[in-house]
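**Q** The structure's right below; bear with me while I get my questions together.
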Amino acid sequence: MLSALMYVLVPMPCLFFGGGSTQFLISRDGGGWMDAAKFLTGASSMGSIAIPIILRHAHMIETGAMLIELVSFFIFICTVMCFHQASLDDDW
């Protein structure tokens, strides 16, 4: 459930501070809210990777469960990257 919460938290800074677009993540334009959104996106992404590893280290989950969590995060990131690429194209 903690990983599911992190998957919900990862896109929230993009929705609230970036206007629903992923283009602010690659821009160099600054500003307080833009920098906060980039920081929160990075922190929640690292949390999504770190939580399964920490739980495995504490012997609370098995290695297979950790690998499933990491693969699901990789699939999630690939989906976000595809969305970002599609939003950059004007043909859509």
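In the structure tokens, each chain is lettered A, B, ... as it comes, each chain's residues begin at 1, and ligands are numbered from 1 in order of appearance.
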Could you pull the residues within 10 Å of Gly47 in chain A, counting only C-alpha atoms, minus those fewer than 2 positions along the same chain, as a list in words?
**A**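 What passes the distance filter is Leu2, Ser3, Met6, Tyr7, Leu9, Val10, Thr41, Gly42, Ala43, Ser44, Ser45, Ile49, Ala50, Ile51, Pro52, Ile53 and Ile54 of chain A.
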**Q** Would you mind exporting the chosen residues as a short mmCIF file (atom, residue, chain, number, x, y, z; two decimals), in the first residue's frame, restricted to all heavy atoms?
**A**
data_model
loop_
_atom_site.label_atom_id
_atom_site.label_comp_id
_atom_site.auth_asym_id
_atom_site.auth_seq_id
_atom_site.Cartn_x
_atom_site.Cartn_y
_atom_site.Cartn_z
N LEU A 2 2.03 1.17 0.61
CA LEU A 2 2.92 2.32 0.63
C LEU A 2 3.44 2.64 -0.77
O LEU A 2 3.54 3.81 -1.14
CB LEU A 2 4.09 2.05 1.58
CG LEU A 2 4.91 3.22 2.06
CD1 LEU A 2 4.02 4.28 2.69
CD2 LEU A 2 5.94 2.76 3.05
N SER A 3 3.70 1.62 -1.55
CA SER A 3 4.13 1.84 -2.94
C SER A 3 3.00 2.43 -3.78
O SER A 3 3.24 3.29 -4.62
CB SER A 3 4.60 0.54 -3.56
OG SER A 3 5.76 0.10 -2.91
N MET A 6 2.86 6.04 -3.15
CA MET A 6 3.93 6.75 -3.84
C MET A 6 3.61 6.92 -5.33
O MET A 6 3.94 7.95 -5.92
CB MET A 6 5.27 6.03 -3.67
CG MET A 6 5.79 6.05 -2.25
SD MET A 6 5.90 7.67 -1.51
CE MET A 6 7.22 8.39 -2.44
N TYR A 7 2.95 5.94 -5.94
CA TYR A 7 2.57 6.07 -7.35
C TYR A 7 1.55 7.18 -7.53
O TYR A 7 1.50 7.81 -8.59
CB TYR A 7 2.03 4.76 -7.90
CG TYR A 7 3.07 3.69 -8.06
CD1 TYR A 7 2.77 2.36 -7.88
CD2 TYR A 7 4.37 4.01 -8.40
CE1 TYR A 7 3.73 1.37 -8.04
CE2 TYR A 7 5.34 3.04 -8.56
CZ TYR A 7 5.00 1.72 -8.37
OH TYR A 7 5.94 0.77 -8.53
N LEU A 9 1.51 9.87 -5.53
CA LEU A 9 2.20 11.12 -5.22
C LEU A 9 3.16 11.58 -6.31
O LEU A 9 3.45 12.77 -6.40
CB LEU A 9 2.98 10.98 -3.90
CG LEU A 9 2.14 10.86 -2.64
CD1 LEU A 9 3.04 10.68 -1.43
CD2 LEU A 9 1.25 12.07 -2.47
N VAL A 10 3.67 10.67 -7.14
CA VAL A 10 4.66 11.05 -8.16
C VAL A 10 4.11 12.09 -9.14
O VAL A 10 4.77 13.09 -9.39
CB VAL A 10 5.23 9.81 -8.88
CG1 VAL A 10 6.00 10.20 -10.11
CG2 VAL A 10 6.12 9.02 -7.95
N THR A 41 8.80 16.00 -7.26
CA THR A 41 8.75 14.90 -8.21
C THR A 41 9.94 13.97 -8.02
O THR A 41 9.80 12.75 -7.99
CB THR A 41 8.70 15.43 -9.66
OG1 THR A 41 7.56 16.27 -9.81
CG2 THR A 41 8.64 14.30 -10.65
N GLY A 42 11.12 14.55 -7.86
CA GLY A 42 12.32 13.74 -7.64
C GLY A 42 12.28 12.99 -6.32
O GLY A 42 12.66 11.82 -6.25
N ALA A 43 11.81 13.66 -5.27
CA ALA A 43 11.74 13.02 -3.95
C ALA A 43 10.75 11.86 -3.95
O ALA A 43 11.02 10.79 -3.40
CB ALA A 43 11.37 14.04 -2.89
N SER A 44 9.59 12.05 -4.58
CA SER A 44 8.61 10.96 -4.60
C SER A 44 9.07 9.82 -5.51
O SER A 44 8.79 8.66 -5.23
CB SER A 44 7.24 11.48 -5.02
OG SER A 44 7.29 12.10 -6.27
N SER A 45 9.81 10.14 -6.56
CA SER A 45 10.36 9.08 -7.41
C SER A 45 11.40 8.26 -6.66
O SER A 45 11.42 7.03 -6.74
CB SER A 45 10.98 9.68 -8.67
OG SER A 45 10.03 10.34 -9.43
N ILE A 49 11.44 4.10 -5.33
CA ILE A 49 12.51 3.12 -5.51
C ILE A 49 13.03 2.64 -4.15
O ILE A 49 13.30 1.45 -3.95
CB ILE A 49 13.66 3.73 -6.34
CG1 ILE A 49 13.18 4.00 -7.76
CG2 ILE A 49 14.87 2.80 -6.37
CD1 ILE A 49 14.16 4.79 -8.59
N ALA A 50 13.15 3.56 -3.20
CA ALA A 50 13.78 3.23 -1.93
C ALA A 50 12.90 2.39 -1.01
O ALA A 50 13.41 1.55 -0.27
CB ALA A 50 14.17 4.52 -1.20
N ILE A 51 11.59 2.58 -1.04
CA ILE A 51 10.71 1.87 -0.11
C ILE A 51 10.81 0.36 -0.28
O ILE A 51 11.00 -0.36 0.73
CB ILE A 51 9.26 2.38 -0.24
CG1 ILE A 51 9.16 3.78 0.36
CG2 ILE A 51 8.28 1.44 0.44
CD1 ILE A 51 7.85 4.46 0.11
N PRO A 52 10.72 -0.21 -1.49
CA PRO A 52 10.87 -1.67 -1.59
C PRO A 52 12.25 -2.16 -1.17
O PRO A 52 12.38 -3.24 -0.56
CB PRO A 52 10.61 -1.97 -3.06
CG PRO A 52 9.94 -0.79 -3.61
CD PRO A 52 10.34 0.36 -2.78
N ILE A 53 13.29 -1.38 -1.47
CA ILE A 53 14.64 -1.79 -1.10
C ILE A 53 14.81 -1.79 0.41
O ILE A 53 15.39 -2.71 0.99
CB ILE A 53 15.67 -0.89 -1.80
CG1 ILE A 53 15.61 -1.10 -3.32
CG2 ILE A 53 17.08 -1.15 -1.28
CD1 ILE A 53 16.42 -0.13 -4.12
N ILE A 54 14.28 -0.77 1.07
CA ILE A 54 14.37 -0.70 2.54
C ILE A 54 13.57 -1.82 3.17
O ILE A 54 14.02 -2.46 4.14
CB ILE A 54 13.89 0.67 3.03
CG1 ILE A 54 14.89 1.75 2.60
CG2 ILE A 54 13.71 0.69 4.54
CD1 ILE A 54 14.40 3.16 2.81
#
**Q** DSSP says helix (DSSP H, G or I) for which residues of chain A? Put them as an NGL selection string?
**A** :A and (2-9 or 12-17 or 23-25 or 32-57 or 63-88)
**Q** Taking into account only C-alpha atoms, which residue in the set A:Leu88, A:Phe73, A:Gly31, A:Glu62 is nearest to Ser48 in chain A?
**A**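 Distance minimum relative to Ser48 in chain A lands on A:Phe73.
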**Q** As a PDB file with C-alpha atoms, in the first residue's frame, please: the residues near Phe16 in chain A (cut-off 12 Å, only C-alpha atoms, same-chain neighbours under 6 positions excluded).
**A**
ATOM      1  CA  LEU A   9       2.203  11.115  -5.219  1.00  0.00           C
ATOM      2  CA  VAL A  10       4.662  11.048  -8.156  1.00  0.00           C
ATOM      3  CA  THR A  22       5.499  17.476 -18.138  1.00  0.00           C
ATOM      4  CA  PHE A  24       8.446  21.989 -16.942  1.00  0.00           C
ATOM      5  CA  TRP A  33       6.898  26.786  -7.592  1.00  0.00           C
ATOM      6  CA  MET A  34       8.678  25.198 -10.539  1.00  0.00           C
ATOM      7  CA  ALA A  36       9.393  22.953  -5.686  1.00  0.00           C
ATOM      8  CA  ALA A  37       7.583  20.790  -8.243  1.00  0.00           C
ATOM      9  CA  LYS A  38      10.875  19.412  -9.580  1.00  0.00           C
ATOM     10  CA  LEU A  40       8.838  16.955  -5.016  1.00  0.00           C
ATOM     11  CA  THR A  41       8.746  14.898  -8.212  1.00  0.00           C
TER      12      THR A  41
END
**Q** Just to confirm, what's the straight-line distance from CA of Thr63 in chain A to CA of Val80 in chain A in Å (one decimal)?
**A**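 We find that CA of Thr63 in chain A and CA of Val80 in chain A lie 25.8 Å from each other.
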**Q** What's the separation between CA of Cys14 in chain A and CA of Phe83 in chain A, in Å to one decimal place?
**A**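 Interatomic distance here is 12.5 Å.
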**Q** Would you work out the distance separating CA of Ile77 in chain A from CA of Ile61 in chain A, expressed in Å to one decimal?
**A** 22.7 Å
